[in-house]
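Visitor: My structure is stored as my_file_9.cif, with mmCIF, C-alpha atoms.
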data_model
loop_
_atom_site.label_atom_id
_atom_site.label_comp_id
_atom_site.auth_asym_id
_atom_site.auth_seq_id
_atom_site.Cartn_x
_atom_site.Cartn_y
_atom_site.Cartn_z
CA MET A 532 39.34 -17.77 -32.80
CA ALA A 533 36.40 -15.60 -31.79
CA LEU A 534 37.09 -13.15 -29.03
CA PRO A 535 35.02 -13.58 -25.82
CA THR A 536 32.20 -11.14 -25.28
CA TRP A 537 30.82 -9.77 -22.05
CA ASP A 538 27.35 -8.49 -21.39
CA HIS A 539 27.36 -5.11 -19.66
CA PRO A 540 23.73 -4.04 -19.27
CA GLU A 541 23.10 -0.33 -19.56
CA PRO A 542 22.04 1.42 -16.34
CA LEU A 543 18.40 2.42 -16.05
CA ALA A 544 17.77 5.65 -17.93
CA VAL A 545 16.89 8.59 -15.71
CA ASP A 546 13.96 9.54 -17.95
CA SER A 547 12.50 6.02 -17.69
CA ALA A 548 11.43 6.61 -14.08
CA PRO A 549 7.63 7.09 -13.74
CA VAL A 550 7.52 10.71 -12.55
CA PRO A 551 4.61 11.63 -10.22
CA GLU A 552 1.59 13.36 -11.77
CA TYR A 553 2.42 16.82 -10.45
CA GLY A 554 -0.06 19.51 -11.42
CA ALA A 555 -2.95 17.22 -12.34
CA GLY A 556 -3.16 14.19 -10.07
CA SER A 557 -0.73 14.23 -7.15
CA LEU A 558 -1.17 14.66 -3.40
CA ALA A 559 0.01 18.25 -3.77
CA ASP A 560 -3.00 18.95 -5.98
CA LEU A 561 -5.68 17.67 -3.58
CA LEU A 562 -6.23 20.47 -1.04
CA PRO A 563 -5.89 23.28 -3.60
CA THR A 564 -8.61 21.57 -5.65
CA LEU A 565 -10.93 21.26 -2.64
CA ALA A 566 -10.24 24.84 -1.52
CA ALA A 567 -10.81 26.20 -5.03
CA GLY A 568 -14.23 24.56 -4.94
CA MET A 569 -14.94 26.74 -1.89
CA GLU A 570 -13.69 29.85 -3.72
CA VAL A 571 -10.57 30.25 -1.57
CA PRO A 572 -8.25 32.83 -3.20
CA SER A 573 -4.84 31.70 -4.50
CA THR A 574 -5.98 28.09 -5.01
CA THR A 575 -6.54 26.19 -8.25
CA ALA A 576 -8.64 23.12 -9.05
CA ALA A 577 -5.86 20.96 -10.48
CA ILE A 578 -7.58 17.55 -10.17
CA GLN A 579 -10.22 18.13 -12.78
CA GLU A 580 -12.20 14.99 -11.93
CA LEU A 581 -13.28 16.27 -8.49
CA ALA A 582 -16.59 18.10 -8.23
CA PRO A 583 -16.78 21.01 -5.74
CA ALA A 584 -18.27 20.52 -2.27
CA ASP A 585 -19.11 23.04 0.42
CA ARG A 586 -17.64 20.78 3.10
CA ALA A 587 -14.66 18.52 2.49
CA CYS A 588 -12.81 16.11 4.76
CA VAL A 589 -9.50 14.44 3.92
CA PHE A 590 -8.76 11.24 5.85
CA LEU A 591 -5.12 10.31 5.31
CA ILE A 592 -4.18 6.72 6.18
CA ASP A 593 -0.42 6.53 6.56
CA GLY A 594 1.07 3.75 4.43
CA LEU A 595 -2.04 2.46 2.63
CA GLY A 596 -1.14 2.46 -1.04
CA TRP A 597 -3.47 1.76 -3.95
CA GLU A 598 -1.97 -1.65 -4.69
CA GLN A 599 -2.13 -2.80 -1.08
CA LEU A 600 -5.79 -1.82 -0.82
CA ARG A 601 -6.74 -3.54 -4.09
CA THR A 602 -5.08 -6.82 -3.06
CA HIS A 603 -6.80 -7.03 0.35
CA PRO A 604 -10.55 -6.83 -0.32
CA ASP A 605 -11.45 -9.19 2.53
CA GLU A 606 -9.73 -7.04 5.13
CA ALA A 607 -11.13 -3.76 3.76
CA PRO A 608 -14.63 -4.45 2.39
CA PHE A 609 -15.91 -0.89 2.82
CA MET A 610 -12.97 0.84 1.16
CA THR A 611 -12.95 -1.84 -1.54
CA SER A 612 -16.57 -0.93 -2.30
CA LEU A 613 -15.38 2.64 -2.90
CA LEU A 614 -12.57 1.84 -5.34
CA ALA A 615 -14.70 2.79 -8.34
CA SER A 616 -15.24 6.23 -6.75
CA SER A 617 -11.51 6.98 -6.65
CA ARG A 618 -10.42 10.21 -8.31
CA GLY A 619 -13.86 11.53 -8.99
CA GLY A 620 -15.37 8.28 -10.20
CA THR A 621 -12.65 7.42 -12.71
CA GLY A 622 -11.54 4.46 -10.61
CA ARG A 623 -7.92 5.62 -10.86
CA PRO A 624 -5.35 6.47 -8.18
CA ILE A 625 -3.32 9.63 -7.73
CA THR A 626 0.43 9.78 -7.08
CA ALA A 627 2.22 10.59 -3.85
CA GLY A 628 5.21 12.55 -5.15
CA TYR A 629 8.92 11.81 -4.89
CA PRO A 630 10.13 10.57 -2.56
CA ALA A 631 7.08 8.62 -1.40
CA THR A 632 7.67 9.17 2.29
CA THR A 633 5.66 10.68 5.13
CA ALA A 634 7.39 14.01 5.78
CA THR A 635 7.51 14.84 2.09
CA SER A 636 3.94 13.76 1.41
CA LEU A 637 2.39 15.52 4.41
CA ALA A 638 4.13 18.73 3.37
CA SER A 639 2.80 18.27 -0.17
CA VAL A 640 -0.73 17.70 1.14
CA GLY A 641 -0.75 20.65 3.49
CA THR A 642 1.02 23.25 1.37
CA GLY A 643 -0.38 22.15 -1.98
CA LEU A 644 3.17 22.30 -3.36
CA PRO A 645 5.52 19.66 -4.77
CA PRO A 646 8.71 18.79 -2.87
CA GLY A 647 10.94 21.04 -4.95
CA ALA A 648 8.94 24.04 -3.70
CA HIS A 649 8.01 23.21 -0.10
CA GLY A 650 11.54 21.97 0.56
CA LEU A 651 11.07 18.67 2.38
CA PRO A 652 12.52 16.42 -0.37
CA GLY A 653 13.28 13.34 1.71
CA TYR A 654 13.35 11.54 5.03
CA THR A 655 16.79 12.97 5.81
CA VAL A 656 18.46 15.66 3.70
CA ARG A 657 21.52 17.85 4.06
CA ASP A 658 21.08 21.35 5.43
CA PRO A 659 23.21 23.48 3.09
CA GLU A 660 23.87 25.95 5.91
CA THR A 661 25.22 23.49 8.48
CA ARG A 662 26.27 20.66 6.12
CA GLU A 663 24.56 18.24 8.53
CA LEU A 664 21.74 15.77 7.87
CA MET A 665 18.31 17.03 8.85
CA ASN A 666 15.64 14.45 9.74
CA GLN A 667 12.48 16.10 8.43
CA LEU A 668 10.08 13.67 10.12
CA ARG A 669 11.56 14.02 13.61
CA TRP A 670 12.89 17.55 12.91
CA GLN A 671 16.37 16.80 14.24
CA PRO A 672 18.50 18.80 14.61
CA TRP A 673 16.00 21.54 15.32
CA THR A 674 15.72 24.14 12.56
CA ALA A 675 13.47 27.21 12.45
CA PRO A 676 10.32 25.71 10.86
CA HIS A 677 9.15 28.69 8.83
CA VAL A 678 12.64 29.36 7.54
CA TRP A 679 12.87 25.78 6.33
CA GLN A 680 9.34 25.90 4.79
CA PRO A 681 8.12 29.49 4.33
CA TYR A 682 4.95 29.01 2.28
CA PRO A 683 1.45 29.25 3.83
CA THR A 684 -0.57 26.07 4.09
CA VAL A 685 -3.86 25.61 2.26
CA PHE A 686 -5.51 25.42 5.68
CA GLN A 687 -4.22 28.91 6.47
CA LEU A 688 -5.49 30.26 3.15
CA ALA A 689 -8.88 28.66 3.74
CA HIS A 690 -9.12 29.95 7.32
CA GLU A 691 -8.31 33.48 6.15
CA ALA A 692 -11.07 33.15 3.53
CA GLY A 693 -13.68 32.35 6.19
CA VAL A 694 -13.75 28.58 5.76
CA HIS A 695 -14.11 26.59 8.99
CA THR A 696 -10.81 24.71 9.13
CA ALA A 697 -9.70 21.95 11.50
CA GLN A 698 -7.21 19.13 11.93
CA VAL A 699 -8.14 16.09 14.03
CA SER A 700 -5.22 13.86 14.91
CA SER A 701 -3.17 12.41 17.77
CA PRO A 702 -2.42 14.97 20.52
CA ALA A 703 1.27 14.10 20.08
CA PHE A 704 1.34 15.90 16.74
CA GLU A 705 -0.18 19.21 17.84
CA HIS A 706 3.04 21.13 18.44
CA THR A 707 5.51 19.34 16.17
CA PRO A 708 7.49 21.42 13.65
CA LEU A 709 6.20 19.22 10.81
CA THR A 710 2.63 20.06 11.78
CA LYS A 711 3.51 23.76 11.94
CA VAL A 712 4.99 23.88 8.43
CA ALA A 713 2.61 21.43 6.74
CA LEU A 714 -0.77 21.31 8.45
CA SER A 715 -1.29 24.46 10.52
CA GLY A 716 -4.27 26.76 10.07
CA GLY A 717 -7.62 26.82 11.80
CA THR A 718 -7.90 24.67 14.93
CA PHE A 719 -6.06 21.50 15.95
CA HIS A 720 -8.07 18.91 17.91
CA GLY A 721 -6.16 16.10 19.57
CA ARG A 722 -7.91 12.76 20.13
CA LEU A 723 -6.26 9.47 21.06
CA SER A 724 -8.65 6.89 19.65
CA GLY A 725 -9.49 6.47 16.00
CA GLU A 726 -13.19 6.35 16.82
CA ASP A 727 -13.04 9.68 18.64
CA ARG A 728 -11.22 11.23 15.69
CA MET A 729 -13.89 10.07 13.26
CA ASP A 730 -16.70 11.41 15.41
CA LEU A 731 -15.00 14.76 15.94
CA ALA A 732 -14.03 15.09 12.27
CA ALA A 733 -17.68 14.66 11.31
CA ALA A 734 -18.73 17.23 13.89
CA GLN A 735 -16.14 19.72 12.68
CA LEU A 736 -17.24 19.19 9.10
CA GLY A 737 -20.74 20.32 10.07
CA ALA A 738 -19.53 23.33 12.08
CA GLY A 739 -19.55 25.73 9.15
CA ASP A 740 -21.35 26.37 5.88
CA ARG A 741 -17.94 25.87 4.28
CA ALA A 742 -15.54 23.53 6.04
CA LEU A 743 -12.17 21.92 5.35
CA VAL A 744 -11.20 19.15 7.79
CA TYR A 745 -8.19 16.83 7.93
CA THR A 746 -7.81 13.66 9.98
CA TYR A 747 -5.07 11.03 10.14
CA TYR A 748 -4.30 7.46 11.17
CA SER A 749 -0.70 6.18 11.43
CA GLU A 750 -0.76 2.56 12.54
CA VAL A 751 -1.15 0.87 9.15
CA ASP A 752 2.27 2.28 8.30
CA GLY A 753 3.71 1.30 11.67
CA ALA A 754 2.55 -2.28 11.35
CA GLY A 755 3.94 -2.51 7.83
CA HIS A 756 7.36 -1.27 8.87
CA ARG A 757 7.61 -3.57 11.88
CA TYR A 758 5.93 -6.74 10.67
CA GLY A 759 5.39 -6.48 6.91
CA LEU A 760 2.37 -6.56 4.65
CA ASP A 761 1.94 -10.32 5.00
CA SER A 762 1.58 -10.13 8.78
CA ASP A 763 -1.59 -10.64 10.78
CA THR A 764 -0.78 -7.38 12.58
CA TRP A 765 -0.84 -5.38 9.34
CA ARG A 766 -4.05 -7.06 8.19
CA GLY A 767 -5.63 -6.34 11.57
CA GLN A 768 -4.77 -2.65 11.24
CA LEU A 769 -6.28 -2.56 7.76
CA MET A 770 -9.49 -4.12 9.09
CA HIS A 771 -9.61 -1.57 11.89
CA VAL A 772 -9.09 1.47 9.68
CA ASP A 773 -11.68 0.18 7.21
CA ARG A 774 -14.24 0.33 10.02
CA LEU A 775 -13.08 3.85 10.89
CA VAL A 776 -13.63 5.02 7.32
CA GLN A 777 -17.14 3.59 7.35
CA ARG A 778 -17.84 5.19 10.72
CA LEU A 779 -16.87 8.62 9.38
CA ALA A 780 -18.70 8.14 6.08
CA GLU A 781 -21.95 7.32 7.89
CA GLN A 782 -21.81 10.60 9.85
CA LEU A 783 -21.21 13.07 7.04
CA PRO A 784 -23.35 16.21 7.31
CA PRO A 785 -25.20 17.47 4.21
CA ARG A 786 -23.25 18.90 1.26
CA SER A 787 -20.07 17.06 2.27
CA ALA A 788 -17.39 15.09 0.49
CA LEU A 789 -15.05 12.66 2.24
CA TYR A 790 -11.76 11.82 0.52
CA VAL A 791 -9.72 8.86 1.78
CA THR A 792 -6.11 8.85 0.64
CA ALA A 793 -2.59 7.95 1.80
CA ASP A 794 0.90 9.40 1.85
CA HIS A 795 2.58 6.42 0.17
CA GLY A 796 2.35 2.67 -0.37
CA MET A 797 4.83 0.03 0.78
CA ILE A 798 6.67 -3.15 -0.18
CA ASP A 799 8.28 -5.91 1.88
CA VAL A 800 11.98 -6.43 1.20
CA PRO A 801 13.62 -9.82 1.98
CA PHE A 802 16.40 -9.99 4.56
CA ASP A 803 19.37 -11.12 2.49
CA GLU A 804 22.44 -9.55 0.95
CA GLN A 805 20.93 -9.63 -2.54
CA HIS A 806 17.99 -7.43 -1.55
CA ARG A 807 19.63 -5.37 1.23
CA ILE A 808 22.85 -3.71 0.10
CA ASP A 809 24.73 -2.43 3.14
CA PHE A 810 26.37 0.94 2.52
CA ASP A 811 28.35 0.59 5.74
CA GLU A 812 29.92 -2.64 4.48
CA ASP A 813 30.50 -1.62 0.85
CA TRP A 814 33.73 0.30 0.27
CA GLU A 815 32.86 1.07 -3.35
CA LEU A 816 29.62 2.84 -2.45
CA ARG A 817 31.28 4.70 0.42
CA ALA A 818 34.16 6.04 -1.65
CA GLY A 819 33.94 9.80 -1.97
CA VAL A 820 30.70 10.05 0.02
CA ALA A 821 30.51 12.63 2.81
CA LEU A 822 26.88 12.01 3.88
CA LEU A 823 24.23 9.39 3.12
CA GLY A 824 20.70 10.78 3.32
CA GLY A 825 17.19 9.75 2.40
CA GLU A 826 16.13 6.19 3.14
CA GLY A 827 16.69 2.71 1.78
CA ARG A 828 14.66 3.06 -1.42
CA ALA A 829 15.19 6.79 -2.02
CA ARG A 830 18.73 7.89 -1.25
CA HIS A 831 20.30 11.32 -1.29
CA VAL A 832 24.08 10.91 -1.63
CA TYR A 833 26.27 13.89 -0.76
CA ALA A 834 29.78 13.70 -2.16
CA VAL A 835 33.04 15.04 -0.84
CA PRO A 836 33.70 18.29 -2.77
CA GLY A 837 35.25 17.43 -6.12
CA ALA A 838 34.14 13.77 -6.03
CA GLU A 839 30.61 14.27 -7.37
CA SER A 840 31.30 12.84 -10.82
CA ASP A 841 33.20 9.84 -9.48
CA VAL A 842 30.44 9.01 -6.99
CA LEU A 843 27.80 9.21 -9.70
CA THR A 844 29.83 6.91 -11.98
CA CYS A 845 30.45 4.38 -9.21
CA TRP A 846 26.85 4.25 -8.04
CA ARG A 847 25.65 3.78 -11.61
CA GLU A 848 28.12 0.95 -12.19
CA VAL A 849 27.26 -0.84 -8.95
CA LEU A 850 23.50 -0.18 -8.70
CA GLY A 851 22.35 1.09 -12.08
CA GLU A 852 20.49 -2.07 -13.07
CA GLN A 853 18.27 -1.92 -9.96
CA PHE A 854 18.06 1.80 -9.19
CA TRP A 855 17.43 4.91 -11.22
CA ILE A 856 20.65 6.81 -10.50
CA ALA A 857 20.69 10.51 -11.32
CA SER A 858 22.81 13.53 -10.60
CA ARG A 859 21.05 16.35 -8.77
CA ASP A 860 20.60 18.31 -11.98
CA GLU A 861 19.39 15.25 -13.91
CA ALA A 862 16.77 14.43 -11.26
CA ILE A 863 15.58 18.04 -11.24
CA ALA A 864 15.44 18.22 -15.03
CA ALA A 865 13.47 14.97 -15.14
CA GLY A 866 10.88 16.48 -12.79
CA TRP A 867 11.33 14.03 -9.92
CA PHE A 868 10.75 16.76 -7.32
CA GLY A 869 8.19 18.75 -9.30
CA PRO A 870 8.21 21.18 -12.22
CA THR A 871 10.72 23.50 -10.51
CA VAL A 872 13.05 23.46 -7.52
CA ASP A 873 13.42 26.57 -5.35
CA GLU A 874 16.93 27.93 -4.89
CA ARG A 875 16.81 27.30 -1.13
CA VAL A 876 15.92 23.62 -1.79
CA TYR A 877 18.56 22.93 -4.45
CA GLY A 878 21.38 22.07 -2.02
CA ARG A 879 19.13 19.83 0.08
CA ILE A 880 18.91 17.36 -2.81
CA GLY A 881 21.76 14.87 -3.05
CA ASP A 882 24.65 15.26 -5.47
CA VAL A 883 23.49 11.78 -6.50
CA VAL A 884 19.88 10.60 -6.15
CA ALA A 885 19.13 6.86 -6.11
CA ALA A 886 15.54 5.62 -6.54
CA ALA A 887 14.88 1.87 -6.37
CA ARG A 888 13.10 0.11 -9.22
CA ASP A 889 13.55 -3.46 -7.94
CA ASP A 890 12.68 -4.88 -4.51
CA VAL A 891 15.98 -3.76 -3.00
CA LEU A 892 17.28 -1.40 -0.32
CA ILE A 893 20.47 0.49 0.37
CA ILE A 894 20.62 0.02 4.12
CA ALA A 895 23.18 1.45 6.53
CA SER A 896 23.41 -1.09 9.35
CA GLU A 897 25.69 1.02 11.57
CA ARG A 898 24.37 4.50 10.84
CA GLU A 899 20.69 3.54 10.68
CA PRO A 900 20.17 0.35 12.69
CA LYS A 901 16.42 0.82 13.26
CA GLU A 902 15.60 1.78 9.68
CA SER A 903 17.78 -1.04 8.35
CA ALA A 904 15.74 -3.60 10.33
CA MET A 905 12.34 -2.62 8.90
CA VAL A 906 10.37 -5.26 6.99
CA GLY A 907 8.15 -2.91 4.99
CA ASN A 908 9.76 -0.01 3.13
CA HIS A 909 8.85 2.81 0.75
CA GLY A 910 10.20 5.95 -0.90
CA SER A 911 10.67 5.31 -4.60
CA MET A 912 8.55 5.71 -7.75
CA THR A 913 7.30 2.16 -8.26
CA PRO A 914 3.50 1.71 -8.42
CA ALA A 915 3.44 -0.10 -5.06
CA GLU A 916 4.92 2.95 -3.34
CA GLN A 917 3.77 5.83 -5.50
CA LEU A 918 0.10 5.15 -6.24
CA VAL A 919 -2.40 6.11 -3.54
CA PRO A 920 -6.21 5.99 -3.51
CA LEU A 921 -8.53 8.98 -3.55
CA LEU A 922 -11.76 7.30 -2.45
CA GLU A 923 -14.81 9.50 -2.32
CA VAL A 924 -18.07 9.51 -0.34
CA ARG A 925 -20.56 12.36 -0.80
CA SER A 926 -23.67 13.25 1.18
#
Now that the file is in, can you turn its structure into structure tokens?
Guide:
Amino acid sequence: MALPTWDHPEPLAVDSAPVPEYGAGSLADLLPTLAAGMEVPSTTAAIQELAPADRACVFLIDGLGWEQLRTHPDEAPFMTSLLASSRGGTGRPITAGYPATTATSLASVGTGLPPGAHGLPGYTVRDPETRELMNQLRWQPWTAPHVWQPYPTVFQLAHEAGVHTAQVSSPAFEHTPLTKVALSGGTFHGRLSGEDRMDLAAAQLGAGDRALVYTYYSEVDGAGHRYGLDSDTWRGQLMHVDRLVQRLAEQLPPRSALYVTADHGMIDVPFDEQHRIDFDEDWELRAGVALLGGEGRARHVYAVPGAESDVLTCWREVLGEQFWIASRDEAIAAGWFGPTVDERVYGRIGDVVAAARDDVLIIASEREPKESAMVGNHGSMTPAEQLVPLLEVRS
């Protein structure tokens, strides 16, 4: 009699994850490339496809990934017409960086550094000093900003080099710690409406022979989280921001380049137990875990001392067919957080790092009720989350 056989699929290999294009085509490479074109010291033109410009404006649309833009041409006719211009006319996207989440990406944009260097490697991460979770978007609990992220921003380097430098965004962001560590340098201009931001960004771009300007719009991301990418609300936001991009593009002063990009993409995740795995209801996943950080598609898991190996084994057995599951050292060696990780950042990364490949989430319904209820989600290394446009208009 033949013995029965069981199929035990191997967990996803850590080195099979599509690592961001650090050093040649990631968000962290954008501002250094633009500043190098203005001869700002200590900056390097890493994105080789971009031609220098005396005046450069970056318009970051929160949550508008490459795949979402390409699949909605009717809602975004102007940006769709620019797709061939992406990444210096190659028609290709750039990558956000891991995890593909706002705090991490904005720090990468502003500092020109990957997450392993600037030190904001997730939505929530453990502070090695206090052993508590630190929310890096809301900056709770409060931590000294320039201790947490000590490097100068590209805006500061440009300002010191005599480049006219400005940020144009919502007044609510002017004094936030995230702005201080990621986007400070030059002058901050707060404007409530998107139209006012576009008009002022164009004016600031023309205020110097060399100028570096940043502007931002958040509501595409907000609509995606609350209502999903299939909602009329999300489509309406995309239509609105498409008109804003055109408004800014039509006002560019001479010798200018406008770059439209995003901090991450997004996917909708169904509301059922198959797609939303509840950490708070799963005793196996909770065993040996002291803190659960990150977010649903990009988790940092901090083990009770001595339980690191057991937690890694358990998470691989339970989730390894749907998530890339790595130890801290494996994720670092694979380059998930960049070529190197600073010593001060090492302990902020989870003992176990879980990055979703499939359309699934690890929610925490009791610990994170608001985040667990979101329709649209992001964070991992899939193309829908990781790829972002770099549309270009030159005058």
Visitor: For segment 631-734 of chain A against segment 832-856 of chain A, with a cut-off of 10 Å and counting only C-alpha atoms, what is the closest atom pair and its distance in Å to one decimal for every residue that makes the cut, ordered by chain and number, as JSON lines?
Guide:
{"residue": "A:Val656", "atom": "CA", "partner": "A:Val832", "partner_atom": "CA", "distance": 9.1}
{"residue": "A:Arg657", "atom": "CA", "partner": "A:Tyr833", "partner_atom": "CA", "distance": 7.8}
{"residue": "A:Arg662", "atom": "CA", "partner": "A:Tyr833", "partner_atom": "CA", "distance": 9.7}
{"residue": "A:Leu664", "atom": "CA", "partner": "A:Tyr833", "partner_atom": "CA", "distance": 9.9}
Visitor: Find, counting only C-alpha atoms, the residue in A:Arg875, A:His603, A:Arg586, A:Arg786 that gets nearest to Asp773 of chain A.
Guide: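 The answer is A:His603, which sits nearest to Asp773 of chain A.
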Visitor: Determine the residue membership of the PyMOL selection byres ((chain A and resi 918-921) around 6) for the file above and supply it as a PDB file with C-alpha atoms, in the frame of the given file.
Guide:
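Result file follows (selection_7.pdb):
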ATOM      1  CA  GLY A 596      -1.140   2.460  -1.040  1.00  0.00           C
ATOM      2  CA  TRP A 597      -3.470   1.760  -3.950  1.00  0.00           C
ATOM      3  CA  SER A 617     -11.510   6.980  -6.650  1.00  0.00           C
ATOM      4  CA  ARG A 618     -10.420  10.210  -8.310  1.00  0.00           C
ATOM      5  CA  PRO A 624      -5.350   6.470  -8.180  1.00  0.00           C
ATOM      6  CA  ILE A 625      -3.320   9.630  -7.730  1.00  0.00           C
ATOM      7  CA  THR A 626       0.430   9.780  -7.080  1.00  0.00           C
ATOM      8  CA  TYR A 790     -11.760  11.820   0.520  1.00  0.00           C
ATOM      9  CA  VAL A 791      -9.720   8.860   1.780  1.00  0.00           C
ATOM     10  CA  THR A 792      -6.110   8.850   0.640  1.00  0.00           C
ATOM     11  CA  ALA A 793      -2.590   7.950   1.800  1.00  0.00           C
ATOM     12  CA  PRO A 914       3.500   1.710  -8.420  1.00  0.00           C
ATOM     13  CA  GLN A 917       3.770   5.830  -5.500  1.00  0.00           C
ATOM     14  CA  LEU A 922     -11.760   7.300  -2.450  1.00  0.00           C
TER      15      LEU A 922
END
Visitor: Would you write out, as an MDAnalysis selection string, every residue that the PyMOL selection byres ((chain A and resi 824) around 9) captures in this file?
Guide: chainID A and resid 653:657 664:666 822:823 825:826 829:833 881
Visitor: In terms of the shortest atom-to-atom distance over all atoms listed in the file, which of A:Val545, A:Ala559, A:Ile798, A:Leu769 is closest to Thr684 of chain A?
Guide: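 The shortest atom-to-atom distance to Thr684 of chain A comes from A:Ala559.
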Visitor: Considering only C-alpha atoms, state which residue in the set A:Gly619, A:Pro630, A:Pro659, A:Pro542 is at the smallest distance from Gly647 of chain A.
Guide: A:Pro630
Visitor: Considering only C-alpha atoms, can you say which of A:Leu668, A:Ala634, A:Leu595, A:Ala648 comes closest to Met797 of chain A?
Guide: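 Looking at the shortest contact to Met797 of chain A, the residue is A:Leu595.
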Visitor: So how far away is atom CA of Gly869 of chain A from atom CA of Pro572 of chain A, in Å?
Guide: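 Value for the atom CA of Pro572 of chain A-atom CA of Gly869 of chain A distance: 22.5 Å.
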Visitor: Will you give me segment 599-605 of chain A, written with all heavy atoms and laid out as a PDB file, in the first residue's frame?
Guide:
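Just written: out03.pdb:
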ATOM      1  N   GLN A 599      -2.448  52.503 -10.668  1.00  0.00           N
ATOM      2  CA  GLN A 599      -3.751  53.150 -10.542  1.00  0.00           C
ATOM      3  C   GLN A 599      -3.928  54.239 -11.597  1.00  0.00           C
ATOM      4  O   GLN A 599      -5.002  54.405 -12.175  1.00  0.00           O
ATOM      5  CB  GLN A 599      -3.924  53.747  -9.147  1.00  0.00           C
ATOM      6  CG  GLN A 599      -3.984  52.713  -8.033  1.00  0.00           C
ATOM      7  CD  GLN A 599      -2.612  52.254  -7.587  1.00  0.00           C
ATOM      8  OE1 GLN A 599      -1.782  53.052  -7.157  1.00  0.00           O
ATOM      9  NE2 GLN A 599      -2.335  50.965  -7.674  1.00  0.00           N
ATOM     10  N   LEU A 600      -2.862  54.988 -11.868  1.00  0.00           N
ATOM     11  CA  LEU A 600      -2.950  56.024 -12.891  1.00  0.00           C
ATOM     12  C   LEU A 600      -3.173  55.408 -14.268  1.00  0.00           C
ATOM     13  O   LEU A 600      -4.026  55.871 -15.033  1.00  0.00           O
ATOM     14  CB  LEU A 600      -1.673  56.865 -12.886  1.00  0.00           C
ATOM     15  CG  LEU A 600      -1.578  57.965 -13.949  1.00  0.00           C
ATOM     16  CD1 LEU A 600      -2.739  58.939 -13.840  1.00  0.00           C
ATOM     17  CD2 LEU A 600      -0.240  58.693 -13.837  1.00  0.00           C
ATOM     18  N   ARG A 601      -2.419  54.364 -14.589  1.00  0.00           N
ATOM     19  CA  ARG A 601      -2.529  53.760 -15.924  1.00  0.00           C
ATOM     20  C   ARG A 601      -3.886  53.127 -16.183  1.00  0.00           C
ATOM     21  O   ARG A 601      -4.315  53.030 -17.339  1.00  0.00           O
ATOM     22  CB  ARG A 601      -1.438  52.708 -16.104  1.00  0.00           C
ATOM     23  CG  ARG A 601      -0.039  53.297 -16.226  1.00  0.00           C
ATOM     24  CD  ARG A 601       0.882  52.360 -16.977  1.00  0.00           C
ATOM     25  NE  ARG A 601       0.895  51.016 -16.407  1.00  0.00           N
ATOM     26  CZ  ARG A 601       1.364  49.945 -17.032  1.00  0.00           C
ATOM     27  NH1 ARG A 601       1.833  50.050 -18.265  1.00  0.00           N
ATOM     28  NH2 ARG A 601       1.380  48.772 -16.434  1.00  0.00           N
ATOM     29  N   THR A 602      -4.581  52.693 -15.146  1.00  0.00           N
ATOM     30  CA  THR A 602      -5.874  52.032 -15.334  1.00  0.00           C
ATOM     31  C   THR A 602      -7.054  52.986 -15.226  1.00  0.00           C
ATOM     32  O   THR A 602      -8.202  52.540 -15.259  1.00  0.00           O
ATOM     33  CB  THR A 602      -6.050  50.882 -14.326  1.00  0.00           C
ATOM     34  OG1 THR A 602      -5.854  51.372 -13.003  1.00  0.00           O
ATOM     35  CG2 THR A 602      -5.046  49.768 -14.603  1.00  0.00           C
ATOM     36  N   HIS A 603      -6.794  54.294 -15.099  1.00  0.00           N
ATOM     37  CA  HIS A 603      -7.889  55.271 -15.013  1.00  0.00           C
ATOM     38  C   HIS A 603      -7.643  56.448 -15.964  1.00  0.00           C
ATOM     39  O   HIS A 603      -7.610  57.604 -15.541  1.00  0.00           O
ATOM     40  CB  HIS A 603      -8.050  55.769 -13.576  1.00  0.00           C
ATOM     41  CG  HIS A 603      -8.553  54.727 -12.628  1.00  0.00           C
ATOM     42  ND1 HIS A 603      -7.725  53.811 -12.022  1.00  0.00           N
ATOM     43  CD2 HIS A 603      -9.822  54.459 -12.201  1.00  0.00           C
ATOM     44  CE1 HIS A 603      -8.448  53.029 -11.251  1.00  0.00           C
ATOM     45  NE2 HIS A 603      -9.717  53.389 -11.346  1.00  0.00           N
ATOM     46  N   PRO A 604      -7.508  56.174 -17.259  1.00  0.00           N
ATOM     47  CA  PRO A 604      -7.220  57.272 -18.199  1.00  0.00           C
ATOM     48  C   PRO A 604      -8.361  58.263 -18.335  1.00  0.00           C
ATOM     49  O   PRO A 604      -8.113  59.448 -18.586  1.00  0.00           O
ATOM     50  CB  PRO A 604      -6.968  56.532 -19.521  1.00  0.00           C
ATOM     51  CG  PRO A 604      -7.705  55.238 -19.380  1.00  0.00           C
ATOM     52  CD  PRO A 604      -7.580  54.868 -17.942  1.00  0.00           C
ATOM     53  N   ASP A 605      -9.605  57.819 -18.163  1.00  0.00           N
ATOM     54  CA  ASP A 605     -10.737  58.734 -18.328  1.00  0.00           C
ATOM     55  C   ASP A 605     -10.806  59.757 -17.202  1.00  0.00           C
ATOM     56  O   ASP A 605     -11.220  60.905 -17.426  1.00  0.00           O
ATOM     57  CB  ASP A 605     -12.049  57.949 -18.382  1.00  0.00           C
ATOM     58  CG  ASP A 605     -12.164  57.096 -19.631  1.00  0.00           C
ATOM     59  OD1 ASP A 605     -11.437  57.376 -20.610  1.00  0.00           O
ATOM     60  OD2 ASP A 605     -12.959  56.141 -19.624  1.00  0.00           O
TER      61      ASP A 605
END
